[in-house]
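The file protein02.pdb contains PDB, C-alpha atoms and all ligand atoms:
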ATOM      1  CA  MET H   5      58.180 -23.704 -28.317
ATOM      2  CA  SER H   6      55.975 -20.672 -27.539
ATOM      3  CA  LEU H   7      55.603 -17.770 -29.939
ATOM      4  CA  LEU H   8      57.441 -15.208 -27.777
ATOM      5  CA  ASN H   9      60.045 -17.428 -26.116
ATOM      6  CA  GLY H  10      63.238 -15.447 -25.523
ATOM      7  CA  LYS H  11      61.633 -12.032 -26.146
ATOM      8  CA  VAL H  12      62.079  -9.448 -23.405
ATOM      9  CA  GLY H  13      60.800  -5.897 -23.269
ATOM     10  CA  LEU H  14      59.390  -2.886 -21.509
ATOM     11  CA  ILE H  15      55.748  -2.028 -20.936
ATOM     12  CA  PHE H  16      54.639   1.531 -20.146
ATOM     13  CA  GLY H  17      51.042   1.982 -18.970
ATOM     14  CA  VAL H  18      49.931  -0.633 -16.441
ATOM     15  CA  ALA H  19      47.782   1.338 -13.990
ATOM     16  CA  ASN H  20      45.506  -1.484 -12.819
ATOM     17  CA  ASP H  21      43.978  -4.808 -13.905
ATOM     18  CA  ARG H  22      41.742  -3.082 -16.478
ATOM     19  CA  SER H  23      44.536  -1.254 -18.331
ATOM     20  CA  TYR H  24      45.071  -2.211 -21.963
ATOM     21  CA  ALA H  25      48.744  -2.627 -21.008
ATOM     22  CA  THR H  26      47.818  -5.309 -18.467
ATOM     23  CA  PHE H  27      45.993  -7.346 -21.123
ATOM     24  CA  ILE H  28      48.991  -6.917 -23.424
ATOM     25  CA  ALA H  29      51.410  -8.080 -20.695
ATOM     26  CA  GLU H  30      49.168 -11.066 -19.991
ATOM     27  CA  SER H  31      49.228 -12.193 -23.646
ATOM     28  CA  ILE H  32      52.984 -11.707 -23.943
ATOM     29  CA  THR H  33      53.606 -13.667 -20.750
ATOM     30  CA  LYS H  34      51.282 -16.530 -21.742
ATOM     31  CA  LEU H  35      53.182 -16.860 -25.015
ATOM     32  CA  GLY H  36      56.577 -17.113 -23.308
ATOM     33  CA  GLY H  37      57.769 -13.468 -23.397
ATOM     34  CA  ARG H  38      59.159 -11.597 -20.385
ATOM     35  CA  CYS H  39      57.931  -8.133 -19.400
ATOM     36  CA  ALA H  40      59.512  -5.317 -17.404
ATOM     37  CA  PHE H  41      57.257  -2.475 -16.284
ATOM     38  CA  THR H  42      57.226   1.227 -15.503
ATOM     39  CA  HIS H  43      54.820   3.049 -13.222
ATOM     40  CA  LEU H  44      54.120   6.711 -12.565
ATOM     41  CA  PRO H  45      56.349   8.016  -9.728
ATOM     42  CA  GLY H  46      54.888   7.920  -6.224
ATOM     43  CA  GLU H  47      54.150   5.184  -3.714
ATOM     44  CA  LYS H  48      50.439   4.956  -4.502
ATOM     45  CA  ASN H  49      51.093   4.578  -8.238
ATOM     46  CA  GLU H  50      53.782   1.971  -7.609
ATOM     47  CA  ARG H  51      51.439  -0.027  -5.354
ATOM     48  CA  ARG H  52      48.644   0.110  -7.951
ATOM     49  CA  THR H  53      50.873  -1.066 -10.799
ATOM     50  CA  ARG H  54      52.515  -3.738  -8.631
ATOM     51  CA  LYS H  55      49.103  -5.141  -7.670
ATOM     52  CA  ALA H  56      48.127  -5.502 -11.346
ATOM     53  CA  VAL H  57      51.489  -7.070 -12.225
ATOM     54  CA  GLU H  58      51.201  -9.496  -9.301
ATOM     55  CA  GLY H  59      47.727 -10.367 -10.546
ATOM     56  CA  LEU H  60      49.427 -11.702 -13.678
ATOM     57  CA  GLY H  61      51.604 -13.937 -11.490
ATOM     58  CA  LEU H  62      54.637 -11.704 -12.095
ATOM     59  CA  GLY H  63      55.433 -10.679  -8.523
ATOM     60  CA  ASP H  64      59.172 -10.591  -9.205
ATOM     61  CA  ALA H  65      58.942  -8.484 -12.396
ATOM     62  CA  TRP H  66      61.389  -5.596 -12.885
ATOM     63  CA  MET H  67      59.699  -2.235 -12.228
ATOM     64  CA  PHE H  68      60.911   1.350 -12.488
ATOM     65  CA  PRO H  69      59.267   4.767 -11.924
ATOM     66  CA  CYS H  70      58.792   7.014 -14.941
ATOM     67  CA  ASP H  71      56.940  10.197 -15.731
ATOM     68  CA  ALA H  72      57.232  10.038 -19.518
ATOM     69  CA  GLY H  73      56.826  13.815 -19.660
ATOM     70  CA  LYS H  74      60.356  14.138 -18.230
ATOM     71  CA  ASP H  75      63.397  13.373 -20.362
ATOM     72  CA  GLU H  76      65.467  12.567 -17.285
ATOM     73  CA  ASP H  77      62.940   9.906 -16.218
ATOM     74  CA  LEU H  78      63.021   8.302 -19.674
ATOM     75  CA  ASP H  79      66.823   8.349 -19.677
ATOM     76  CA  ALA H  80      66.853   6.721 -16.237
ATOM     77  CA  VAL H  81      64.435   3.923 -17.248
ATOM     78  CA  PHE H  82      66.319   2.917 -20.379
ATOM     79  CA  THR H  83      69.692   3.141 -18.609
ATOM     80  CA  ALA H  84      68.506   1.036 -15.664
ATOM     81  CA  TYR H  85      66.794  -1.476 -17.990
ATOM     82  CA  ALA H  86      70.010  -1.893 -20.004
ATOM     83  CA  LYS H  87      72.001  -2.561 -16.832
ATOM     84  CA  SER H  88      69.779  -5.438 -15.765
ATOM     85  CA  HIS H  89      68.683  -6.968 -19.095
ATOM     86  CA  ALA H  90      70.675  -8.535 -21.903
ATOM     87  CA  ARG H  91      68.257  -7.591 -24.689
ATOM     88  CA  LEU H  92      65.316  -5.373 -25.631
ATOM     89  CA  ASP H  93      62.875  -6.921 -28.112
ATOM     90  CA  PHE H  94      59.768  -4.805 -27.566
ATOM     91  CA  VAL H  95      58.465  -1.568 -26.101
ATOM     92  CA  VAL H  96      54.756  -1.111 -25.442
ATOM     93  CA  HIS H  97      53.595   2.522 -25.250
ATOM     94  CA  SER H  98      50.158   2.351 -23.651
ATOM     95  CA  ILE H  99      49.995   5.781 -22.061
ATOM     96  CA  ALA H 100      47.973   8.917 -22.674
ATOM     97  CA  PHE H 101      46.997  12.046 -20.842
ATOM     98  CA  ALA H 102      44.732  15.056 -21.384
ATOM     99  CA  ASP H 103      43.113  17.419 -18.898
ATOM    100  CA  ARG H 104      39.719  15.882 -18.101
ATOM    101  CA  GLU H 105      38.124  19.341 -18.091
ATOM    102  CA  TRP H 106      38.343  19.628 -21.891
ATOM    103  CA  LEU H 107      37.207  16.084 -22.669
ATOM    104  CA  ALA H 108      33.512  16.930 -22.734
ATOM    105  CA  PRO H 109      31.279  17.154 -25.799
ATOM    106  CA  GLY H 110      31.214  20.734 -27.098
ATOM    107  CA  ARG H 111      34.343  21.902 -25.254
ATOM    108  CA  PHE H 112      37.088  21.226 -27.800
ATOM    109  CA  ASN H 113      37.063  24.836 -28.987
ATOM    110  CA  GLU H 114      37.813  26.014 -25.432
ATOM    111  CA  THR H 115      40.963  23.899 -24.986
ATOM    112  CA  PRO H 116      43.748  26.144 -23.638
ATOM    113  CA  ARG H 117      47.150  26.104 -25.322
ATOM    114  CA  ALA H 118      48.853  24.436 -22.348
ATOM    115  CA  SER H 119      46.309  21.579 -22.229
ATOM    116  CA  TYR H 120      46.551  21.036 -25.994
ATOM    117  CA  LEU H 121      50.343  20.883 -25.822
ATOM    118  CA  SER H 122      50.500  18.612 -22.768
ATOM    119  CA  ALA H 123      48.082  16.131 -24.405
ATOM    120  CA  ILE H 124      50.337  15.905 -27.451
ATOM    121  CA  ASP H 125      53.472  15.806 -25.322
ATOM    122  CA  ILE H 126      52.462  12.885 -23.078
ATOM    123  CA  SER H 127      50.302  10.994 -25.575
ATOM    124  CA  ALA H 128      52.352  11.338 -28.778
ATOM    125  CA  TYR H 129      55.831  12.887 -28.404
ATOM    126  CA  THR H 130      56.723  10.243 -25.814
ATOM    127  CA  LEU H 131      56.591   7.542 -28.503
ATOM    128  CA  LEU H 132      59.397   9.273 -30.407
ATOM    129  CA  ALA H 133      61.267   9.819 -27.132
ATOM    130  CA  MET H 134      61.012   6.114 -26.266
ATOM    131  CA  GLY H 135      61.893   4.977 -29.784
ATOM    132  CA  ARG H 136      65.113   6.991 -29.774
ATOM    133  CA  ARG H 137      66.179   5.558 -26.423
ATOM    134  CA  ALA H 138      65.182   1.990 -27.335
ATOM    135  CA  ARG H 139      67.031   1.972 -30.647
ATOM    136  CA  PRO H 140      70.629   1.134 -29.594
ATOM    137  CA  MET H 141      69.675  -1.853 -27.438
ATOM    138  CA  MET H 142      67.063  -3.105 -29.902
ATOM    139  CA  ARG H 143      69.582  -2.873 -32.740
ATOM    140  CA  ASP H 144      72.022  -4.937 -30.646
ATOM    141  CA  SER H 145      69.210  -7.460 -30.102
ATOM    142  CA  GLY H 146      68.834  -7.878 -33.881
ATOM    143  CA  GLY H 147      65.790  -5.617 -34.146
ATOM    144  CA  GLY H 148      62.570  -5.108 -32.256
ATOM    145  CA  SER H 149      58.930  -4.112 -32.181
ATOM    146  CA  ILE H 150      57.524  -0.899 -30.724
ATOM    147  CA  LEU H 151      53.800  -0.491 -30.425
ATOM    148  CA  ALA H 152      51.428   2.182 -29.200
ATOM    149  CA  MET H 153      47.707   2.387 -28.517
ATOM    150  CA  SER H 154      45.476   4.656 -30.589
ATOM    151  CA  TYR H 155      41.752   5.235 -31.111
ATOM    152  CA  TYR H 156      39.468   6.018 -34.061
ATOM    153  CA  GLY H 157      38.874   9.540 -32.706
ATOM    154  CA  SER H 158      42.187  10.365 -34.444
ATOM    155  CA  GLU H 159      40.404  10.231 -37.805
ATOM    156  CA  LYS H 160      36.750  11.073 -37.214
ATOM    157  CA  VAL H 161      35.071  13.390 -34.762
ATOM    158  CA  VAL H 162      33.972  11.486 -31.666
ATOM    159  CA  PRO H 163      32.203  13.938 -29.351
ATOM    160  CA  GLY H 164      34.126  14.299 -26.088
ATOM    161  CA  TYR H 165      37.339  12.739 -27.410
ATOM    162  CA  ASN H 166      38.399  16.253 -28.421
ATOM    163  CA  VAL H 167      42.083  17.104 -27.902
ATOM    164  CA  MET H 168      42.859  13.413 -27.341
ATOM    165  CA  GLY H 169      41.799  12.868 -30.984
ATOM    166  CA  VAL H 170      44.366  15.462 -32.054
ATOM    167  CA  ALA H 171      46.995  13.704 -29.925
ATOM    168  CA  LYS H 172      46.141  10.303 -31.418
ATOM    169  CA  ALA H 173      46.459  11.722 -34.950
ATOM    170  CA  ALA H 174      49.939  12.926 -33.945
ATOM    171  CA  LEU H 175      50.699   9.525 -32.429
ATOM    172  CA  GLU H 176      49.723   7.645 -35.611
ATOM    173  CA  CYS H 177      51.775  10.013 -37.757
ATOM    174  CA  THR H 178      54.725   9.750 -35.353
ATOM    175  CA  THR H 179      54.462   5.975 -35.766
ATOM    176  CA  ARG H 180      54.918   6.259 -39.537
ATOM    177  CA  TYR H 181      57.894   8.650 -39.408
ATOM    178  CA  LEU H 182      59.542   6.602 -36.672
ATOM    179  CA  ALA H 183      58.957   3.363 -38.594
ATOM    180  CA  ALA H 184      60.594   4.899 -41.679
ATOM    181  CA  GLU H 185      63.748   5.839 -39.765
ATOM    182  CA  LEU H 186      64.091   2.859 -37.401
ATOM    183  CA  GLY H 187      63.422   0.265 -40.082
ATOM    184  CA  GLU H 188      67.100   0.241 -41.054
ATOM    185  CA  SER H 189      67.803  -1.164 -37.572
ATOM    186  CA  ASN H 190      65.093  -3.810 -38.159
ATOM    187  CA  ILE H 191      62.873  -2.041 -35.644
ATOM    188  CA  ARG H 192      59.172  -2.036 -36.448
ATOM    189  CA  VAL H 193      56.733   0.576 -35.124
ATOM    190  CA  ASN H 194      52.962   0.127 -35.222
ATOM    191  CA  THR H 195      49.801   1.319 -33.506
ATOM    192  CA  ILE H 196      46.741  -0.660 -32.497
ATOM    193  CA  SER H 197      43.502   1.285 -32.748
ATOM    194  CA  GLY H 198      41.545  -0.314 -29.935
ATOM    195  CA  GLY H 199      37.810  -0.158 -29.341
ATOM    196  CA  PRO H 200      36.439   1.572 -26.246
ATOM    197  CA  LEU H 201      37.164  -0.187 -22.958
ATOM    198  CA  ARG H 202      36.322   1.018 -19.449
ATOM    199  CA  THR H 203      39.638   2.054 -17.864
ATOM    200  CA  LEU H 204      40.955   4.884 -15.700
ATOM    201  CA  ALA H 205      41.949   6.874 -18.778
ATOM    202  CA  SER H 206      38.712   6.328 -20.699
ATOM    203  CA  SER H 207      36.606   7.330 -17.680
ATOM    204  CA  ALA H 208      37.977  10.863 -18.213
ATOM    205  CA  VAL H 209      36.482  11.014 -21.716
ATOM    206  CA  GLY H 210      33.061  12.665 -21.620
ATOM    207  CA  GLY H 211      31.620  10.574 -24.468
ATOM    208  CA  ILE H 212      32.780   7.113 -23.284
ATOM    209  CA  ASP H 213      29.252   5.834 -22.517
ATOM    210  CA  THR H 214      28.091   6.798 -26.023
ATOM    211  CA  MET H 215      31.134   5.060 -27.552
ATOM    212  CA  LEU H 216      30.388   1.873 -25.612
ATOM    213  CA  GLU H 217      26.713   1.982 -26.699
ATOM    214  CA  HIS H 218      27.547   2.804 -30.318
ATOM    215  CA  THR H 219      29.802  -0.201 -30.959
ATOM    216  CA  PRO H 220      27.398  -3.121 -30.279
ATOM    217  CA  ALA H 221      24.692  -1.274 -32.209
ATOM    218  CA  ARG H 222      26.839  -0.663 -35.303
ATOM    219  CA  ALA H 223      29.890  -2.916 -35.403
ATOM    220  CA  PRO H 224      29.988  -5.948 -37.723
ATOM    221  CA  LEU H 225      30.661  -8.174 -34.678
ATOM    222  CA  ARG H 226      27.782  -6.486 -32.730
ATOM    223  CA  ARG H 227      29.656  -6.265 -29.456
ATOM    224  CA  ASN H 228      32.343  -4.300 -27.677
ATOM    225  CA  ILE H 229      35.964  -5.365 -27.739
ATOM    226  CA  GLU H 230      37.550  -7.311 -24.886
ATOM    227  CA  GLY H 231      40.959  -6.295 -23.529
ATOM    228  CA  LYS H 232      42.437  -9.711 -24.272
ATOM    229  CA  GLU H 233      41.679  -9.246 -27.986
ATOM    230  CA  VAL H 234      43.972  -6.212 -28.076
ATOM    231  CA  GLY H 235      46.443  -8.283 -26.039
ATOM    232  CA  GLY H 236      46.439 -10.974 -28.724
ATOM    233  CA  THR H 237      47.084  -8.533 -31.565
ATOM    234  CA  ALA H 238      49.861  -6.893 -29.550
ATOM    235  CA  ALA H 239      51.530 -10.279 -29.035
ATOM    236  CA  TRP H 240      51.332 -10.917 -32.786
ATOM    237  CA  LEU H 241      52.880  -7.491 -33.521
ATOM    238  CA  ILE H 242      55.721  -8.280 -31.115
ATOM    239  CA  SER H 243      56.238 -11.739 -32.578
ATOM    240  CA  ASP H 244      58.201 -12.644 -35.681
ATOM    241  CA  LEU H 245      54.892 -13.628 -37.368
ATOM    242  CA  SER H 246      54.425  -9.926 -38.148
ATOM    243  CA  SER H 247      58.038  -9.371 -39.289
ATOM    244  CA  GLY H 248      56.946  -7.579 -42.484
ATOM    245  CA  VAL H 249      54.505  -5.188 -40.788
ATOM    246  CA  THR H 250      55.614  -1.669 -39.854
ATOM    247  CA  GLY H 251      54.200   1.845 -39.799
ATOM    248  CA  GLU H 252      50.662   0.459 -39.652
ATOM    249  CA  ASN H 253      47.589   1.244 -37.626
ATOM    250  CA  ILE H 254      45.713  -1.981 -36.919
ATOM    251  CA  TYR H 255      42.081  -1.789 -35.839
ATOM    252  CA  VAL H 256      40.995  -4.112 -33.061
ATOM    253  CA  ASP H 257      37.516  -2.695 -32.597
ATOM    254  CA  CYS H 258      35.026  -5.386 -33.688
ATOM    255  CA  GLY H 259      35.111  -3.675 -37.111
ATOM    256  CA  VAL H 260      33.163  -0.557 -36.131
ATOM    257  CA  ASN H 261      35.584   1.710 -38.052
ATOM    258  CA  ILE H 262      34.410   0.360 -41.429
ATOM    259  CA  ILE H 263      30.801   1.445 -40.940
ATOM    260  CA  GLY H 264      29.806   4.739 -42.579
ATOM    261  CA  VAL H 265      26.153   5.213 -41.666
TER     262      VAL H 265
HETATM  263  N1  LIG C   1      40.251   2.520 -22.927
HETATM  264  C1  LIG C   1      39.917   2.843 -24.147
HETATM  265  O1  LIG C   1      38.731   2.955 -24.490
HETATM  266  C2  LIG C   1      40.998   3.052 -25.174
HETATM  267  C3  LIG C   1      40.691   2.898 -26.550
HETATM  268  C4  LIG C   1      41.705   3.060 -27.490
HETATM  269  C5  LIG C   1      42.972   3.422 -27.072
HETATM  270  N2  LIG C   1      43.236   3.586 -25.728
HETATM  271  C6  LIG C   1      44.597   3.959 -25.347
HETATM  272  O2  LIG C   1      45.171   2.906 -24.612
HETATM  273  C7  LIG C   1      46.254   3.430 -23.833
HETATM  274  C8  LIG C   1      46.121   2.933 -22.412
HETATM  275  O3  LIG C   1      44.984   3.489 -21.798
HETATM  276  P1  LIG C   1      43.961   2.650 -20.928
HETATM  277  O4  LIG C   1      42.610   2.867 -21.520
HETATM  278  O5  LIG C   1      44.472   1.289 -20.736
HETATM  279  O6  LIG C   1      43.914   3.461 -19.552
HETATM  280  P2  LIG C   1      44.838   3.385 -18.243
HETATM  281  O7  LIG C   1      44.401   4.532 -17.416
HETATM  282  O8  LIG C   1      44.759   2.037 -17.643
HETATM  283  O9  LIG C   1      46.301   3.607 -18.821
HETATM  284  C9  LIG C   1      46.808   4.890 -19.109
HETATM  285  C10 LIG C   1      48.239   4.902 -18.598
HETATM  286  O10 LIG C   1      48.886   6.108 -18.950
HETATM  287  C11 LIG C   1      49.810   6.359 -17.912
HETATM  288  N3  LIG C   1      50.303   7.740 -17.940
HETATM  289  C12 LIG C   1      49.600   8.898 -17.964
HETATM  290  N4  LIG C   1      50.428   9.946 -17.932
HETATM  291  C13 LIG C   1      51.708   9.445 -17.897
HETATM  292  C14 LIG C   1      52.997  10.022 -17.835
HETATM  293  N5  LIG C   1      53.186  11.345 -17.790
HETATM  294  N6  LIG C   1      54.068   9.197 -17.810
HETATM  295  C15 LIG C   1      53.925   7.854 -17.823
HETATM  296  N7  LIG C   1      52.717   7.246 -17.872
HETATM  297  C16 LIG C   1      51.623   8.042 -17.898
HETATM  298  C17 LIG C   1      49.023   6.064 -16.644
HETATM  299  O11 LIG C   1      49.868   5.894 -15.538
HETATM  300  C18 LIG C   1      48.321   4.784 -17.071
HETATM  301  O12 LIG C   1      49.102   3.658 -16.725
HETATM  302  C19 LIG C   1      46.173   4.941 -23.969
HETATM  303  O13 LIG C   1      47.065   5.366 -24.984
HETATM  304  C20 LIG C   1      44.739   5.149 -24.417
HETATM  305  O14 LIG C   1      44.554   6.367 -25.090
HETATM  306  C21 LIG C   1      42.290   3.386 -24.785
END
As structure tokens, please, write out the structure in this file.
Amino acid sequence: MSLLNGKVGLIFGVANDRSYATFIAESITKLGGRCAFTHLPGEKNERRTRKAVEGLGLGDAWMFPCDAGKDEDLDAVFTAYAKSHARLDFVVHSIAFADREWLAPGRFNETPRASYLSAIDISAYTLLAMGRRARPMMRDSGGGSILAMSYYGSEKVVPGYNVMGVAKAALECTTRYLAAELGESNIRVNTISGGPLRTLASSAVGGIDTMLEHTPARAPLRRNIEGKEVGGTAAWLISDLSSGVTGENIYVDCGVNIIGV
């Protein structure tokens, strides 16, 4: 029997075949789990997500549009999911947004209020918003696992990561408060702090080339992370093997976070 046999859940954040969410879906599927997906509203976004999902051999997967910045979209996704699925075992939050203009080294201090707030809204608040909506169905499924993607720029200054670092700090803290409240329903909430990977989202970060050069030069494993390594840790966090783990931030970054100088 495979590790995730019988587990079914929702994945937010597949934009294309390089998305962290795609690697996570691939691991879950290989281990016997079943994934449903959301995509940003709009035909082009749907086509892009569908192509990546089909690339995993999941052409008939359930898909639903969702702008996570809108409560009505989140309500609609969880309502529609509940109508067509018998259980909800996991939710993967692999989404983030910040205005590209302010993700350049030296420009953090110029971030306008609206850009600061929208980064925190889409990249952090949405985890709480999803957790609240997932809770009833997960509780009825006997519990569940919610996980989100973070980055080391939440703790230390990484030039160019800027307001996204502030949002990731909020995301990690949201994870802990959510874990504390949802634990009574046997729902676990964790973040994975992934190493830098070239994706649509990371291409907006001004310092991404420096991050990718820094890791092989400094990390204990002397290389950059591969998407499938985050996928493997995500599958473990969704599985019952991690049943005692909640509220944690797990680094999957070739160990670079432990290096001081
Ligand atoms: N790539 C990296 O270097 C790296 C490192 C650590 C953590 N992360 C995190 O991993 C997660 C996934 O990013 P990625 O690098 O795979 O890039 P990506 O561009 O493939 O994924 C980002 C996703 O966020 C979604 N999104 C943005 N705004 C949204 C909204 N309003 N509603 C719903 N979805 C929305 C996009 O549609 C996209 O699917 C993000 O949280 C990112 O911060 C990325």
So that I can check the surroundings of H:Lys74, please list as number ranges by chain every protein, DNA and RNA residue that reaches within 10 Å of it, counting all atoms listed in the file and ignoring chain neighbours fewer than 5 positions away. H: 79, 126, 130, 133
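Rounded to one decimal, atom CA of H:Met142 and atom CA of H:Ala25 lie 20.4 Å from each other.
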Review point. How would you write, as a ChimeraX atom specification, the set of residues no farther than 7 Å from ligand LIG 1 (chain C) when counting all atoms listed in the file?
Key: /H:16-20,22-25,43-44,70-73,98-101,126-127,152-155,197-206
Problem - Contact residues around H:Arg111 with all atoms listed in the file at 12 Å, ignoring same-chain residues under 3 positions, as a PyMOL selection string - result: chain H and resi 103-108+114-116+163-167+209-211
Evaluate the PyMOL selection byres (((chain H and resi 187) around 12) and not hetatm) here and jot the selected residues down as a ChimeraX atom specification. /H:135,139,142-143,146-150,179-186,188-194,247-251
Residues returned when the PyMOL selection byres (((chain H and resi 224-238) around 9) and not hetatm) runs on this file, as an mmCIF file with C-alpha atoms, in the frame of the given file:
data_model
loop_
_atom_site.group_PDB
_atom_site.id
_atom_site.type_symbol
_atom_site.label_atom_id
_atom_site.label_comp_id
_atom_site.auth_asym_id
_atom_site.auth_seq_id
_atom_site.Cartn_x
_atom_site.Cartn_y
_atom_site.Cartn_z
ATOM 1 C CA ARG H 22 41.742 -3.082 -16.478
ATOM 2 C CA SER H 23 44.536 -1.254 -18.331
ATOM 3 C CA TYR H 24 45.071 -2.211 -21.963
ATOM 4 C CA ALA H 25 48.744 -2.627 -21.008
ATOM 5 C CA THR H 26 47.818 -5.309 -18.467
ATOM 6 C CA PHE H 27 45.993 -7.346 -21.123
ATOM 7 C CA ILE H 28 48.991 -6.917 -23.424
ATOM 8 C CA ALA H 29 51.410 -8.080 -20.695
ATOM 9 C CA GLU H 30 49.168 -11.066 -19.991
ATOM 10 C CA SER H 31 49.228 -12.193 -23.646
ATOM 11 C CA ILE H 32 52.984 -11.707 -23.943
ATOM 12 C CA VAL H 96 54.756 -1.111 -25.442
ATOM 13 C CA LEU H 151 53.800 -0.491 -30.425
ATOM 14 C CA ILE H 196 46.741 -0.660 -32.497
ATOM 15 C CA SER H 197 43.502 1.285 -32.748
ATOM 16 C CA GLY H 198 41.545 -0.314 -29.935
ATOM 17 C CA GLY H 199 37.810 -0.158 -29.341
ATOM 18 C CA PRO H 200 36.439 1.572 -26.246
ATOM 19 C CA LEU H 201 37.164 -0.187 -22.958
ATOM 20 C CA LEU H 216 30.388 1.873 -25.612
ATOM 21 C CA GLU H 217 26.713 1.982 -26.699
ATOM 22 C CA HIS H 218 27.547 2.804 -30.318
ATOM 23 C CA THR H 219 29.802 -0.201 -30.959
ATOM 24 C CA PRO H 220 27.398 -3.121 -30.279
ATOM 25 C CA ALA H 221 24.692 -1.274 -32.209
ATOM 26 C CA ARG H 222 26.839 -0.663 -35.303
ATOM 27 C CA ALA H 223 29.890 -2.916 -35.403
ATOM 28 C CA ALA H 239 51.530 -10.279 -29.035
ATOM 29 C CA TRP H 240 51.332 -10.917 -32.786
ATOM 30 C CA LEU H 241 52.880 -7.491 -33.521
ATOM 31 C CA ILE H 242 55.721 -8.280 -31.115
ATOM 32 C CA SER H 243 56.238 -11.739 -32.578
ATOM 33 C CA ILE H 254 45.713 -1.981 -36.919
ATOM 34 C CA VAL H 256 40.995 -4.112 -33.061
ATOM 35 C CA ASP H 257 37.516 -2.695 -32.597
ATOM 36 C CA CYS H 258 35.026 -5.386 -33.688
ATOM 37 C CA GLY H 259 35.111 -3.675 -37.111
ATOM 38 C CA VAL H 260 33.163 -0.557 -36.131
ATOM 39 C CA ILE H 262 34.410 0.360 -41.429
ATOM 40 C CA ILE H 263 30.801 1.445 -40.940
#
Expressed in Å to a single decimal, how great is the separation between atom CA of H:Gly61 and atom CA of H:Leu7?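 Atom CA of H:Gly61 sits 19.3 Å away from atom CA of H:Leu7.
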Quiz item: Could you pull the residues within 8 Å of stretch 64-69 of chain H, counting all atoms listed in the file, minus those fewer than 5 positions along the same chain, as a list in words?
Solution: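 So, after excluding close chain neighbours, the residues are Cys39, Ala40, Phe41, Thr42, His43, Leu44, Pro45, Gly46, Glu50, Val57, Asp77 and Val81 of chain H.
Each of H:Leu175, H:Val161, H:Met215, H:Ile15 was checked against H:Ala128 using all atoms listed in the file; the smallest atom-to-atom distance is that of H:Leu175.
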H:Gly264 proximity check over H:Asp21, H:Asp75, H:Asn49, H:Lys160, using only C-alpha atoms: winner is H:Lys160
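Across the model, the gap from atom CA of H:Met141 to atom CA of H:Arg91 is 6.5 Å.
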Render stretch 181-195 of chain H from the structure in the preceding block as a file of N, CA and C atoms, as a JSON list (two decimals), in the first residue's frame.
[["chain", "number", "residue", "atom", "x", "y", "z"],
["H", 181, "TYR", "N", -0.17, 30.12, 14.91],
["H", 181, "TYR", "CA", -1.46, 30.42, 15.57],
["H", 181, "TYR", "C", -2.57, 29.51, 15.06],
["H", 182, "LEU", "N", -2.53, 29.24, 13.75],
["H", 182, "LEU", "CA", -3.54, 28.36, 13.16],
["H", 182, "LEU", "C", -3.37, 26.94, 13.69],
["H", 183, "ALA", "N", -2.13, 26.49, 13.77],
["H", 183, "ALA", "CA", -1.85, 25.14, 14.27],
["H", 183, "ALA", "C", -2.39, 25.00, 15.70],
["H", 184, "ALA", "N", -2.20, 26.04, 16.51],
["H", 184, "ALA", "CA", -2.63, 25.98, 17.91],
["H", 184, "ALA", "C", -4.15, 25.84, 18.01],
["H", 185, "GLU", "N", -4.88, 26.50, 17.11],
["H", 185, "GLU", "CA", -6.34, 26.44, 17.19],
["H", 185, "GLU", "C", -6.94, 25.23, 16.47],
["H", 186, "LEU", "N", -6.34, 24.81, 15.36],
["H", 186, "LEU", "CA", -6.94, 23.71, 14.59],
["H", 186, "LEU", "C", -6.50, 22.34, 15.09],
["H", 187, "GLY", "N", -5.52, 22.33, 15.98],
["H", 187, "GLY", "CA", -5.03, 21.05, 16.49],
["H", 187, "GLY", "C", -6.11, 20.24, 17.18],
["H", 188, "GLU", "N", -7.07, 20.92, 17.80],
["H", 188, "GLU", "CA", -8.14, 20.17, 18.50],
["H", 188, "GLU", "C", -9.03, 19.40, 17.52],
["H", 189, "SER", "N", -8.97, 19.78, 16.23],
["H", 189, "SER", "CA", -9.68, 19.01, 15.20],
["H", 189, "SER", "C", -8.73, 18.04, 14.50],
["H", 190, "ASN", "N", -7.57, 17.80, 15.11],
["H", 190, "ASN", "CA", -6.54, 16.94, 14.52],
["H", 190, "ASN", "C", -6.08, 17.43, 13.15],
["H", 191, "ILE", "N", -6.05, 18.76, 13.03],
["H", 191, "ILE", "CA", -5.56, 19.37, 11.78],
["H", 191, "ILE", "C", -4.19, 19.96, 12.07],
["H", 192, "ARG", "N", -3.22, 19.56, 11.27],
["H", 192, "ARG", "CA", -1.85, 20.06, 11.44],
["H", 192, "ARG", "C", -1.57, 21.14, 10.40],
["H", 193, "VAL", "N", -0.76, 22.13, 10.80],
["H", 193, "VAL", "CA", -0.43, 23.24, 9.89],
["H", 193, "VAL", "C", 1.07, 23.47, 9.96],
["H", 194, "ASN", "N", 1.74, 23.39, 8.83],
["H", 194, "ASN", "CA", 3.19, 23.56, 8.80],
["H", 194, "ASN", "C", 3.60, 24.37, 7.58],
["H", 195, "THR", "N", 4.81, 24.93, 7.64],
["H", 195, "THR", "CA", 5.39, 25.55, 6.44],
["H", 195, "THR", "C", 6.67, 24.81, 6.06]]
